[in-house]
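What follows is upload.txt (compact mmCIF, C-alpha atoms and all ligand atoms).
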```
# COMPACT_ATOMS: atom_id res chain seq x y z
CA MET A 28 -112.13 -29.99 -149.34
CA ILE A 29 -109.43 -32.63 -148.97
CA LEU A 30 -109.81 -36.40 -149.01
CA LYS A 31 -106.79 -37.51 -146.99
CA ASN A 32 -104.96 -40.86 -147.09
CA CYS A 33 -107.04 -42.29 -149.89
CA ARG A 34 -106.27 -45.79 -151.11
CA LEU A 35 -106.76 -45.76 -154.89
CA VAL A 36 -107.10 -48.42 -157.58
CA PRO A 37 -104.55 -47.23 -160.18
CA GLU A 38 -106.52 -48.72 -163.10
CA LEU A 39 -109.38 -46.35 -162.23
CA CYS A 40 -107.18 -43.25 -162.08
CA GLU A 41 -105.69 -41.21 -164.89
CA GLY A 42 -102.47 -39.25 -164.56
CA PHE A 43 -101.63 -40.67 -161.12
CA GLN A 44 -100.44 -44.20 -160.52
CA GLU A 45 -99.62 -44.33 -156.78
CA GLU A 46 -101.75 -46.46 -154.52
CA MET A 47 -102.09 -43.75 -151.85
CA ALA A 48 -102.94 -40.09 -152.33
CA ASP A 49 -104.68 -37.02 -150.98
CA ILE A 50 -107.29 -35.50 -153.26
CA ARG A 51 -108.13 -31.81 -153.30
CA ILE A 52 -111.62 -30.87 -154.44
CA GLU A 53 -112.50 -27.37 -155.54
CA GLY A 54 -116.13 -26.66 -156.27
CA THR A 55 -117.48 -29.63 -158.22
CA ASP A 56 -114.14 -30.83 -159.57
CA ILE A 57 -111.03 -32.78 -158.68
CA ALA A 58 -108.41 -30.02 -158.43
CA GLU A 59 -105.26 -31.90 -157.40
CA ILE A 60 -104.04 -35.39 -156.63
CA LEU A 61 -101.24 -35.06 -154.07
CA PRO A 62 -98.87 -37.39 -152.23
CA ALA A 63 -100.66 -38.96 -149.27
CA GLY A 64 -100.38 -37.64 -145.73
CA GLY A 65 -100.19 -33.90 -146.37
CA SER A 66 -101.11 -31.26 -143.83
CA TYR A 67 -103.98 -28.90 -144.62
CA PRO A 68 -104.56 -26.46 -141.77
CA GLY A 69 -107.84 -24.59 -142.00
CA GLU A 70 -109.26 -26.86 -144.70
CA GLU A 71 -112.16 -29.26 -144.47
CA VAL A 72 -110.60 -32.75 -144.42
CA ILE A 73 -112.24 -36.16 -144.72
CA ASP A 74 -109.94 -38.83 -143.31
CA CYS A 75 -110.04 -41.79 -145.69
CA THR A 76 -107.54 -43.93 -143.77
CA GLY A 77 -108.47 -47.59 -144.23
CA LYS A 78 -110.84 -46.79 -147.07
CA THR A 79 -110.64 -47.19 -150.84
CA VAL A 80 -111.69 -44.22 -152.94
CA LEU A 81 -113.33 -45.32 -156.18
CA PRO A 82 -114.84 -43.17 -158.90
CA GLY A 83 -118.61 -42.93 -158.46
CA LEU A 84 -120.36 -46.08 -159.72
CA PHE A 85 -122.68 -46.36 -162.74
CA ASN A 86 -125.79 -48.37 -163.45
CA LEU A 87 -126.68 -48.14 -167.13
CA HIS A 88 -129.67 -50.45 -166.96
CA ASN A 89 -131.86 -49.22 -164.17
CA HIS A 90 -135.60 -48.58 -163.88
CA LEU A 91 -136.11 -46.19 -160.99
CA PHE A 92 -139.77 -47.13 -160.56
CA PHE A 93 -138.90 -50.86 -160.18
CA HIS A 94 -139.84 -51.14 -156.57
CA SER A 95 -140.70 -54.75 -155.97
CA MET A 96 -140.73 -58.09 -157.76
CA ASN A 97 -144.48 -58.03 -157.19
CA TRP A 98 -145.67 -57.34 -160.72
CA ASP A 99 -148.92 -55.76 -159.51
CA LYS A 100 -146.95 -53.14 -157.65
CA ILE A 101 -144.85 -52.03 -160.60
CA ARG A 102 -147.49 -51.94 -163.30
CA GLY A 103 -147.75 -48.73 -165.28
CA THR A 104 -151.42 -48.73 -164.32
CA GLN A 105 -150.45 -47.76 -160.79
CA SER A 106 -150.72 -44.11 -159.90
CA GLU A 107 -148.13 -41.62 -161.00
CA TYR A 108 -147.76 -40.57 -157.36
CA LEU A 109 -146.77 -44.11 -156.32
CA HIS A 110 -144.22 -44.36 -159.12
CA ILE A 111 -142.70 -41.00 -158.16
CA THR A 112 -142.28 -41.90 -154.50
CA ASN A 113 -140.88 -45.33 -155.40
CA SER A 114 -138.46 -43.78 -157.90
CA ILE A 115 -137.11 -41.27 -155.39
CA SER A 116 -136.64 -44.00 -152.81
CA PHE A 117 -134.68 -46.23 -155.22
CA MET A 118 -132.58 -43.33 -156.47
CA ARG A 119 -131.56 -42.39 -152.92
CA ASN A 120 -130.76 -45.96 -151.96
CA LEU A 121 -128.58 -46.38 -155.05
CA LEU A 122 -126.79 -43.17 -154.11
CA ALA A 123 -126.05 -44.56 -150.63
CA TYR A 124 -124.23 -47.49 -152.27
CA GLY A 125 -122.09 -45.22 -154.42
CA PHE A 126 -124.09 -45.09 -157.67
CA THR A 127 -123.58 -41.48 -158.71
CA SER A 128 -124.51 -42.02 -162.37
CA LEU A 129 -127.67 -43.74 -163.54
CA ARG A 130 -129.11 -44.42 -166.94
CA ASP A 131 -132.83 -45.00 -166.54
CA VAL A 132 -134.01 -47.28 -169.34
CA GLY A 133 -137.72 -46.87 -168.81
CA THR A 134 -139.94 -45.45 -166.08
CA PRO A 135 -143.61 -44.49 -166.61
CA TYR A 136 -144.76 -40.88 -166.89
CA ASN A 137 -141.24 -39.85 -167.95
CA ILE A 138 -140.50 -39.60 -164.21
CA ALA A 139 -136.74 -40.16 -164.60
CA ILE A 140 -136.56 -37.26 -167.08
CA LYS A 141 -138.28 -35.01 -164.54
CA LEU A 142 -136.00 -36.16 -161.70
CA ARG A 143 -132.97 -35.55 -163.93
CA ASP A 144 -134.15 -31.99 -164.56
CA GLN A 145 -134.69 -31.30 -160.86
CA ILE A 146 -131.27 -32.68 -159.94
CA ASN A 147 -129.60 -30.68 -162.71
CA ALA A 148 -131.42 -27.56 -161.54
CA GLY A 149 -130.01 -28.10 -158.04
CA THR A 150 -133.40 -28.51 -156.37
CA MET A 151 -132.91 -32.18 -155.48
CA VAL A 152 -130.00 -34.36 -154.35
CA GLY A 153 -129.41 -37.22 -156.74
CA PRO A 154 -127.11 -38.94 -159.19
CA ASP A 155 -126.25 -37.83 -162.70
CA ILE A 156 -129.19 -39.21 -164.68
CA LYS A 157 -129.61 -40.01 -168.35
CA ALA A 158 -133.15 -41.05 -169.12
CA CYS A 159 -135.27 -42.30 -172.01
CA GLY A 160 -138.63 -41.65 -170.33
CA ILE A 161 -140.96 -44.45 -171.29
CA ILE A 162 -140.07 -47.50 -173.34
CA ILE A 163 -141.36 -47.49 -176.90
CA THR A 164 -143.33 -50.66 -177.45
CA PRO A 165 -145.23 -52.17 -180.35
CA ASN A 166 -148.97 -52.62 -180.35
CA GLN A 167 -149.03 -56.23 -179.21
CA ILE A 168 -147.35 -55.23 -175.97
CA ALA A 169 -148.42 -51.67 -175.23
CA PRO A 170 -152.03 -52.30 -174.21
CA SER A 171 -151.32 -55.55 -172.40
CA GLU A 172 -150.35 -56.38 -168.84
CA LEU A 173 -146.95 -54.96 -169.71
CA GLN A 174 -148.21 -51.41 -169.57
CA VAL A 175 -145.31 -51.02 -167.24
CA TYR A 176 -143.37 -50.42 -170.44
CA SER A 177 -145.50 -47.65 -171.80
CA ASP A 178 -146.97 -44.36 -170.88
CA ASN A 179 -150.11 -44.62 -168.84
CA PRO A 180 -151.85 -45.18 -171.05
CA MET A 181 -149.53 -44.89 -174.04
CA LYS A 182 -152.04 -44.45 -176.81
CA ALA A 183 -149.32 -44.32 -179.43
CA PRO A 184 -148.30 -47.91 -179.99
CA VAL A 185 -146.01 -48.49 -182.91
CA ASN A 186 -147.27 -50.54 -185.84
CA ASP A 187 -145.54 -49.02 -188.83
CA PRO A 188 -142.52 -46.83 -189.67
CA PHE A 189 -144.48 -43.56 -189.49
CA GLN A 190 -145.70 -44.38 -186.02
CA ALA A 191 -142.12 -45.31 -185.12
CA ARG A 192 -140.99 -41.89 -186.24
CA ALA A 193 -143.79 -40.17 -184.36
CA ALA A 194 -143.16 -42.08 -181.13
CA ALA A 195 -139.43 -41.45 -181.30
CA ARG A 196 -139.86 -37.75 -181.94
CA LYS A 197 -142.40 -37.47 -179.13
CA GLN A 198 -140.00 -38.99 -176.61
CA LEU A 199 -137.17 -36.71 -177.70
CA ALA A 200 -139.46 -33.68 -177.53
CA GLU A 201 -140.32 -34.67 -173.97
CA GLY A 202 -136.66 -34.62 -173.01
CA ALA A 203 -135.38 -38.15 -173.57
CA ASP A 204 -131.58 -38.44 -173.75
CA PHE A 205 -131.90 -41.57 -175.90
CA LEU A 206 -134.58 -43.95 -177.15
CA LYS A 207 -135.38 -47.25 -175.50
CA LEU A 208 -137.17 -49.91 -177.51
CA LEU A 209 -138.72 -53.13 -176.34
CA GLY A 210 -137.03 -55.27 -178.99
CA CYS A 211 -138.52 -58.55 -177.88
CA SER A 212 -140.97 -59.77 -175.30
CA VAL A 213 -140.20 -59.68 -171.61
CA ALA A 214 -139.97 -63.23 -170.40
CA PRO A 215 -138.98 -63.43 -166.75
CA GLY A 216 -136.91 -66.54 -166.20
CA LYS A 217 -137.04 -67.72 -169.80
CA ARG A 218 -136.20 -66.89 -173.40
CA GLY A 219 -138.01 -64.07 -175.12
CA ASP A 220 -139.49 -64.45 -178.59
CA GLY A 221 -138.17 -63.07 -181.85
CA PRO A 222 -138.03 -59.36 -182.67
CA LEU A 223 -141.25 -57.45 -181.92
CA PHE A 224 -140.56 -54.62 -184.35
CA TYR A 225 -140.42 -55.10 -188.10
CA PRO A 226 -137.13 -54.23 -189.81
CA ASP A 227 -138.59 -51.11 -191.44
CA GLU A 228 -139.80 -49.87 -188.04
CA LEU A 229 -136.39 -50.45 -186.48
CA ALA A 230 -134.74 -48.66 -189.42
CA GLU A 231 -136.98 -45.64 -188.85
CA PHE A 232 -136.09 -45.48 -185.14
CA ALA A 233 -132.44 -45.58 -186.17
CA ASN A 234 -133.08 -42.84 -188.71
CA VAL A 235 -134.62 -40.52 -186.11
CA ALA A 236 -131.88 -41.27 -183.56
CA LYS A 237 -129.18 -40.45 -186.09
CA ARG A 238 -130.79 -37.22 -187.24
CA GLU A 239 -131.41 -36.05 -183.68
CA GLY A 240 -127.91 -36.90 -182.47
CA THR A 241 -128.91 -39.65 -180.09
CA TYR A 242 -129.02 -43.44 -180.00
CA LEU A 243 -131.10 -46.55 -179.56
CA ALA A 244 -130.98 -48.85 -176.52
CA ILE A 245 -132.85 -52.07 -177.28
CA HIS A 246 -134.12 -54.72 -174.89
CA THR A 247 -133.44 -58.21 -176.16
CA ASN A 248 -133.41 -61.63 -174.57
CA SER A 249 -133.47 -64.13 -177.38
CA PRO A 250 -130.93 -65.08 -180.07
CA GLU A 251 -133.22 -63.87 -182.88
CA SER A 252 -133.78 -60.46 -181.35
CA ASN A 253 -130.09 -60.20 -180.40
CA ASP A 254 -129.37 -60.54 -184.12
CA SER A 255 -131.94 -57.89 -185.08
CA VAL A 256 -130.22 -55.40 -182.76
CA LEU A 257 -126.76 -56.32 -184.07
CA ASP A 258 -127.92 -56.08 -187.70
CA LEU A 259 -129.22 -52.59 -186.96
CA GLU A 260 -125.88 -51.67 -185.32
CA ALA A 261 -127.89 -50.13 -182.48
CA TYR A 262 -125.78 -48.32 -179.88
CA THR A 263 -126.61 -50.52 -176.90
CA LEU A 264 -127.97 -54.04 -176.67
CA GLU A 265 -129.68 -54.49 -173.30
CA HIS A 266 -129.44 -57.87 -171.54
CA GLY A 267 -128.24 -59.97 -174.50
CA HIS A 268 -129.56 -63.08 -172.81
CA PHE A 269 -129.20 -66.43 -174.59
CA TRP A 270 -126.25 -65.09 -176.57
CA THR A 271 -125.14 -67.62 -179.18
CA LYS A 272 -122.02 -68.28 -181.20
CA GLU A 273 -123.97 -66.91 -184.20
CA ASN A 274 -124.77 -63.72 -182.26
CA ASN A 275 -121.10 -63.39 -181.38
CA ASP A 276 -120.01 -63.86 -185.00
CA ASN A 277 -122.63 -61.32 -186.10
CA TRP A 278 -121.40 -58.81 -183.50
CA LEU A 279 -117.83 -59.27 -184.77
CA ALA A 280 -118.94 -59.04 -188.42
CA HIS A 281 -120.50 -55.66 -187.61
CA GLY A 282 -117.18 -54.44 -186.22
CA LYS A 283 -118.26 -54.63 -182.54
CA LYS A 284 -120.33 -51.49 -183.16
CA THR A 285 -122.95 -52.32 -180.51
CA TYR A 286 -122.19 -51.98 -176.81
CA ILE A 287 -123.53 -54.80 -174.67
CA ILE A 288 -125.11 -54.09 -171.27
CA PRO A 289 -125.49 -57.39 -169.42
CA THR A 290 -127.89 -57.49 -166.48
CA LEU A 291 -127.12 -60.44 -164.26
CA GLN A 292 -128.87 -59.42 -161.08
CA VAL A 293 -132.36 -59.52 -162.54
CA THR A 294 -131.85 -63.23 -163.25
CA TRP A 295 -129.50 -63.99 -160.34
CA CYS A 296 -132.43 -63.45 -157.97
CA TRP A 297 -134.02 -66.63 -159.41
CA GLY A 298 -130.88 -68.57 -158.58
CA GLU A 299 -127.46 -69.12 -160.05
CA GLU A 300 -128.73 -71.72 -162.49
CA VAL A 301 -131.25 -69.35 -164.09
CA CYS A 302 -128.66 -66.60 -164.25
CA SER A 303 -126.18 -68.96 -165.87
CA MET A 304 -128.75 -70.06 -168.46
CA HIS A 305 -129.42 -66.43 -169.41
CA CYS A 306 -125.98 -64.87 -169.18
CA SER A 307 -123.07 -67.32 -169.11
CA SER A 308 -122.62 -67.38 -172.91
CA LEU A 309 -121.99 -63.62 -172.96
CA LYS A 310 -118.50 -64.55 -171.83
CA MET A 311 -117.87 -65.23 -175.54
CA ALA A 312 -118.31 -61.54 -176.26
CA TYR A 313 -116.13 -60.57 -173.29
CA ASP A 314 -113.39 -62.91 -174.52
CA ALA A 315 -113.70 -61.35 -177.99
CA GLY A 316 -113.04 -57.91 -176.51
CA ALA A 317 -116.46 -56.54 -175.60
CA MET A 318 -116.39 -53.55 -173.27
CA PHE A 319 -119.37 -54.42 -171.12
CA GLY A 320 -121.35 -51.68 -169.42
CA TRP A 321 -122.87 -52.03 -165.97
CA GLY A 322 -126.52 -52.99 -165.71
CA THR A 323 -128.63 -54.82 -163.17
CA ASP A 324 -132.31 -54.36 -164.14
CA ALA A 325 -132.87 -55.13 -160.45
CA THR A 326 -135.83 -53.85 -158.51
CA GLU A 327 -135.13 -51.87 -155.36
CA GLU A 328 -136.15 -54.90 -153.33
CA VAL A 329 -133.73 -57.22 -155.17
CA PHE A 330 -130.94 -54.66 -155.08
CA LEU A 331 -131.24 -54.03 -151.34
CA ALA A 332 -131.41 -57.76 -150.58
CA ASP A 333 -127.96 -58.14 -152.18
CA PRO A 334 -126.36 -54.83 -153.20
CA ALA A 335 -123.13 -56.59 -154.22
CA GLY A 336 -125.06 -59.10 -156.37
CA GLU A 337 -124.03 -57.80 -159.79
CA PHE A 338 -120.35 -57.57 -158.75
CA VAL A 339 -120.23 -61.03 -157.22
CA GLY A 340 -122.36 -62.48 -160.04
CA ARG A 341 -120.06 -61.27 -162.82
CA LYS A 342 -117.12 -62.75 -160.92
CA LYS A 343 -118.78 -66.08 -160.28
CA LEU A 344 -120.32 -66.51 -163.72
CA TRP A 345 -117.50 -65.27 -165.93
CA GLY A 346 -114.45 -65.50 -163.66
CA ILE A 347 -113.11 -62.21 -164.93
CA PRO A 348 -110.57 -60.17 -162.91
CA ASN A 349 -111.98 -57.93 -160.18
CA VAL A 350 -110.39 -54.85 -161.66
CA GLU A 351 -112.18 -55.50 -164.97
CA ILE A 352 -115.45 -55.70 -163.05
CA LEU A 353 -114.67 -52.34 -161.42
CA LYS A 354 -113.87 -50.83 -164.82
CA GLN A 355 -117.23 -52.06 -166.13
CA ALA A 356 -118.98 -50.29 -163.25
CA THR A 357 -117.03 -47.04 -163.75
CA ILE A 358 -114.93 -45.94 -166.74
CA ASN A 359 -116.36 -48.38 -169.30
CA SER A 360 -119.89 -47.33 -168.42
CA ALA A 361 -118.92 -43.66 -168.50
CA ILE A 362 -117.63 -44.12 -172.05
CA ILE A 363 -120.83 -45.87 -173.14
CA ASN A 364 -122.93 -43.25 -171.31
CA GLY A 365 -121.13 -40.43 -173.14
CA THR A 366 -119.93 -38.82 -169.88
CA ALA A 367 -116.31 -40.02 -169.73
CA ASP A 368 -115.00 -36.49 -170.25
CA GLN A 369 -116.43 -35.60 -166.82
CA ARG A 370 -116.93 -38.83 -164.87
CA GLY A 371 -115.95 -42.48 -164.56
CA SER A 372 -112.34 -42.19 -163.40
CA ILE A 373 -110.29 -40.21 -160.88
CA LYS A 374 -108.52 -37.50 -162.82
CA VAL A 375 -107.72 -33.84 -162.26
CA GLY A 376 -110.42 -31.77 -163.94
CA LYS A 377 -113.13 -34.42 -163.76
CA LYS A 378 -116.13 -34.16 -161.45
CA ALA A 379 -115.48 -35.16 -157.85
CA ASP A 380 -117.80 -38.20 -157.82
CA PHE A 381 -116.58 -40.87 -155.38
CA ALA A 382 -117.69 -44.09 -153.78
CA ILE A 383 -115.56 -44.33 -150.63
CA ILE A 384 -115.63 -47.82 -149.18
CA ASP A 385 -114.19 -49.30 -145.98
CA GLY A 386 -111.53 -51.89 -146.83
CA LYS A 387 -110.41 -53.09 -150.26
CA PRO A 388 -113.46 -53.71 -152.47
CA ASP A 389 -111.18 -54.51 -155.42
CA GLU A 390 -109.95 -57.52 -153.42
CA ASP A 391 -113.30 -58.36 -151.83
CA LEU A 392 -116.31 -57.63 -154.02
CA THR A 393 -118.75 -58.40 -151.19
CA LEU A 394 -117.80 -55.01 -149.69
CA PHE A 395 -120.14 -53.48 -152.28
CA GLY A 396 -122.88 -55.01 -150.14
CA LYS A 397 -122.62 -52.27 -147.51
CA PRO A 398 -123.54 -48.61 -147.91
CA CYS A 399 -120.47 -46.51 -148.67
CA ALA A 400 -118.67 -44.73 -145.85
CA TYR A 401 -118.99 -41.59 -147.98
CA VAL A 402 -120.44 -40.81 -151.36
CA LEU A 403 -119.53 -37.60 -153.12
CA LYS A 404 -121.23 -36.27 -156.21
CA ASP A 405 -120.10 -33.08 -157.93
CA GLY A 406 -117.77 -32.34 -155.01
CA ALA A 407 -120.39 -32.57 -152.25
CA VAL A 408 -120.93 -35.31 -149.68
CA VAL A 409 -124.34 -36.71 -150.60
CA ALA A 410 -124.35 -39.85 -148.44
CA GLN A 411 -122.54 -41.15 -145.38
CA ASN A 412 -122.87 -44.69 -144.00
CA GLY A 413 -126.25 -45.13 -145.66
CA PHE A 414 -127.66 -41.77 -144.65
CA VAL A 415 -128.45 -39.76 -147.76
CA LYS A 416 -128.51 -35.99 -147.56
CA PRO A 417 -132.03 -34.50 -147.72
ZN ZN B 501 -134.94 -53.41 -168.11
```

Target encoding structure tokens, full file:
Amino acid sequence: MILKNCRLVPELCEGFQEEMADIRIEGTDIAEILPAGGSYPGEEVIDCTGKTVLPGLFNLHNHLFFHSMNWDKIRGTQSEYLHITNSISFMRNLLAYGFTSLRDVGTPYNIAIKLRDQINAGTMVGPDIKACGIIITPNQIAPSELQVYSDNPMKAPVNDPFQARAAARKQLAEGADFLKLLGCSVAPGKRGDGPLFYPDELAEFANVAKREGTYLAIHTNSPESNDSVLDLEAYTLEHGHFWTKENNDNWLAHGKKTYIIPTLQVTWCWGEEVCSMHCSSLKMAYDAGAMFGWGTDATEEVFLADPAGEFVGRKKLWGIPNVEILKQATINSAIINGTADQRGSIKVGKKADFAIIDGKPDEDLTLFGKPCAYVLKDGAVVAQNGFVKP
């Protein structure tokens, strides 16, 4: 297959720096990047004239079961069936907007792990998924109204280091790619409290992750819990809301070891002021050289109401260059996700994952608000103008 007359963003390509090209796909991979306007008799050609061809997009902080902002509807106490149907719906809608790689940071019943396995087995169309299964939570949260963050019911709350080890090993045995911890309370629209886990529990999670060749992703939205994640040198710090100068100094003192995954859209939906209160200070980390990943934490409802929200929000709040925003949503996230050898940029030999968008989204971020003209994943067209392949 040939993608003809593609407009490219050179910063998102490797080994080819022209703005226009034809791309030859063989099987699942990018086989050649050729001068634009070639002739390919007998070959399947997609005409990309007037469109920009981006690498497939990433969302590293996504919960597939997050269907609605109505808390009752997303509780873990809802039926597994409902969560499965909601998760498939969200996954397909994300695909239509070009998100060919997702990291699910917590969905009940380990549903995202099961979807990942079906997609990898070729029995279902979907993005490349990394998944943690459920979120490991301490006792004071697990049995509460926040069962959304635990198995249903997760009768293995964590109250000491041995339980931490057991919970971590259980998730990995059930197929988790990494471990997600609820590092502090979930506080929609406001600051969370201090760390929920004790230092010896956190150390045990880190111990298991290290031994098993994986990593910790930790939810935090208060300065105190930000510090606990930085002190642990956990791999990813999720949200990082209410980031302080002290957090920033701590992050630097630890050699920038922790990747930060901001999630603006989950707060943007309460208005720019709330978003700014949560996220504006993260600009300190960006200015100090942080390679932000792409996260939204948005429900399907919030995402579909404003699919360009995270793009436009990062621009408005931090004023960073558009191309840096695009790198956060592609190559930077691929590096953090551990898949940069195969995905995240346009390069011969990498997987043919593309978000093909009418116009110049690098010049106008609102163009991410429409379904892609075409989405390719592993060399196959999986979505076209919002219609996702069965
Ligand atoms: Zn989340």

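Around ligand ZN 501 (chain B), the neighbouring residues within 8 Å, taking all atoms listed in the file, come to His88, Asn89, His90, Val132, Gly133, His246, Glu265, His266 and Asp324 of chain A.
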
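In terms of minimum interatomic distance to Phe414 (chain A), A:Tyr124 ranks closest within A:Phe92, A:Tyr124, A:Phe189, A:Trp278, counting only C-alpha atoms.
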
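You can rank A:Leu35, A:Ala63, A:Ala236, A:Val256 by their closest distance to Gln198 (chain A) using all atoms listed in the file, and at the top of that list sits A:Ala236.
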
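The protein and nucleic acid residues lying at most 7 Å from region 352-366 of chain A are Leu39, Pro82, Gly83, Leu84, Phe85, Leu87, Met318, Phe319, Gly320, Trp321, Phe338, Pro348, Arg370, Gly371 and Ser372 of chain A, with only C-alpha atoms considered and sequence neighbours fewer than 4 positions away removed.
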
Residue with smallest distance to Ala58 (chain A) - pool A:Lys416, A:Lys342, A:His110, A:Lys378, counting only C-alpha atoms: A:Lys378

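Residues having any atom no farther than 9 Å from (-112.1, -29.6, -148.2) (counting all atoms listed in the file) are Met28, Ile29, Leu30, Arg51, Ile52, Glu53, Tyr67, Glu70, Glu71, Val72 and Ile73 of chain A.
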
Pick from A:Glu201, A:Asp391, A:Glu251, A:Asp380, whichever lies nearest to Leu81 (chain A) using all atoms listed in the file: A:Asp380

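If you look at CA of Gly77 (chain A) and CA of Gly346 (chain A), they are 27.1 Å away from each other.
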
Pick from A:Leu209, A:Cys75, A:Leu91, A:Ala379, whichever lies nearest to Glu327 (chain A) using only C-alpha atoms: A:Leu91

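Shortest atom-to-atom contact with Asp187 (chain A) among A:Asp254, A:Glu46, A:Glu231, A:Asp144: A:Glu231, counting only C-alpha atoms.
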
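Going from CA of Glu390 (chain A) to CA of Val36 (chain A) covers 10.4 Å.
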
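Between CA of Asp405 (chain A) and CA of Thr55 (chain A) the separation is 4.3 Å.
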
Would you write out, as JSON lines, a table of all residues in region 322-399 of chain A that have an atom no more than 10 Å from an atom of region 288-312 of chain A, listing for each the closest atom pair and the distance in Å to one decimal, considering only C-alpha atoms and ordering rows by chain and rising residue number?
```
{"residue": "A:Gly322", "atom": "CA", "partner": "A:Thr290", "partner_atom": "CA", "distance": 4.8}
{"residue": "A:Thr323", "atom": "CA", "partner": "A:Thr290", "partner_atom": "CA", "distance": 4.3}
{"residue": "A:Asp324", "atom": "CA", "partner": "A:Val293", "partner_atom": "CA", "distance": 5.4}
{"residue": "A:Ala325", "atom": "CA", "partner": "A:Val293", "partner_atom": "CA", "distance": 4.9}
{"residue": "A:Thr326", "atom": "CA", "partner": "A:Val293", "partner_atom": "CA", "distance": 7.8}
{"residue": "A:Val329", "atom": "CA", "partner": "A:Cys296", "partner_atom": "CA", "distance": 7.0}
{"residue": "A:Phe330", "atom": "CA", "partner": "A:Gln292", "partner_atom": "CA", "distance": 7.9}
{"residue": "A:Ala332", "atom": "CA", "partner": "A:Cys296", "partner_atom": "CA", "distance": 9.4}
{"residue": "A:Asp333", "atom": "CA", "partner": "A:Gln292", "partner_atom": "CA", "distance": 9.0}
{"residue": "A:Pro334", "atom": "CA", "partner": "A:Gln292", "partner_atom": "CA", "distance": 9.5}
{"residue": "A:Ala335", "atom": "CA", "partner": "A:Gln292", "partner_atom": "CA", "distance": 9.4}
{"residue": "A:Gly336", "atom": "CA", "partner": "A:Gln292", "partner_atom": "CA", "distance": 6.1}
{"residue": "A:Glu337", "atom": "CA", "partner": "A:Gln292", "partner_atom": "CA", "distance": 5.3}
{"residue": "A:Phe338", "atom": "CA", "partner": "A:Gln292", "partner_atom": "CA", "distance": 9.0}
{"residue": "A:Val339", "atom": "CA", "partner": "A:Gln292", "partner_atom": "CA", "distance": 9.6}
{"residue": "A:Gly340", "atom": "CA", "partner": "A:Leu291", "partner_atom": "CA", "distance": 6.7}
{"residue": "A:Arg341", "atom": "CA", "partner": "A:Leu291", "partner_atom": "CA", "distance": 7.3}
{"residue": "A:Lys343", "atom": "CA", "partner": "A:Glu299", "partner_atom": "CA", "distance": 9.2}
{"residue": "A:Leu344", "atom": "CA", "partner": "A:Ser307", "partner_atom": "CA", "distance": 6.1}
{"residue": "A:Trp345", "atom": "CA", "partner": "A:Lys310", "partner_atom": "CA", "distance": 6.0}
{"residue": "A:Gly346", "atom": "CA", "partner": "A:Lys310", "partner_atom": "CA", "distance": 9.2}
{"residue": "A:Ile347", "atom": "CA", "partner": "A:Lys310", "partner_atom": "CA", "distance": 9.1}
{"residue": "A:Gln355", "atom": "CA", "partner": "A:Ile288", "partner_atom": "CA", "distance": 9.6}
{"residue": "A:Ser360", "atom": "CA", "partner": "A:Ile288", "partner_atom": "CA", "distance": 9.0}
{"residue": "A:Ile363", "atom": "CA", "partner": "A:Ile288", "partner_atom": "CA", "distance": 9.5}
```

Sel. within 7 Å of pt (-136.1, -42.1, -185.0), counting all atoms listed in the file, output as a ChimeraX atom specification: /A:191-192,195-196,231-236

Using the atoms already present, construct N, CA and C atoms for region 80-89 of chain A and hand them back as a compact mmCIF listing (two decimals), keeping the file's coordinate frame.
```
# COMPACT_ATOMS: atom_id res chain seq x y z
N VAL A 80 -110.92 -45.27 -152.26
CA VAL A 80 -111.69 -44.22 -152.94
C VAL A 80 -111.82 -44.61 -154.41
N LEU A 81 -113.04 -44.94 -154.78
CA LEU A 81 -113.33 -45.32 -156.18
C LEU A 81 -114.04 -44.17 -156.87
N PRO A 82 -113.96 -44.12 -158.20
CA PRO A 82 -114.84 -43.17 -158.90
C PRO A 82 -116.29 -43.56 -158.60
N GLY A 83 -117.20 -42.61 -158.64
CA GLY A 83 -118.61 -42.93 -158.46
C GLY A 83 -119.04 -44.04 -159.41
N LEU A 84 -119.93 -44.91 -158.94
CA LEU A 84 -120.36 -46.08 -159.72
C LEU A 84 -121.49 -45.71 -160.68
N PHE A 85 -121.65 -46.54 -161.71
CA PHE A 85 -122.68 -46.36 -162.74
C PHE A 85 -123.64 -47.55 -162.74
N ASN A 86 -124.88 -47.29 -163.05
CA ASN A 86 -125.79 -48.37 -163.45
C ASN A 86 -126.49 -47.91 -164.73
N LEU A 87 -126.14 -48.56 -165.82
CA LEU A 87 -126.68 -48.14 -167.13
C LEU A 87 -127.98 -48.86 -167.50
N HIS A 88 -128.36 -49.83 -166.70
CA HIS A 88 -129.67 -50.45 -166.96
C HIS A 88 -130.45 -50.49 -165.65
N ASN A 89 -131.13 -49.39 -165.41
CA ASN A 89 -131.86 -49.22 -164.17
C ASN A 89 -133.25 -48.67 -164.51
```
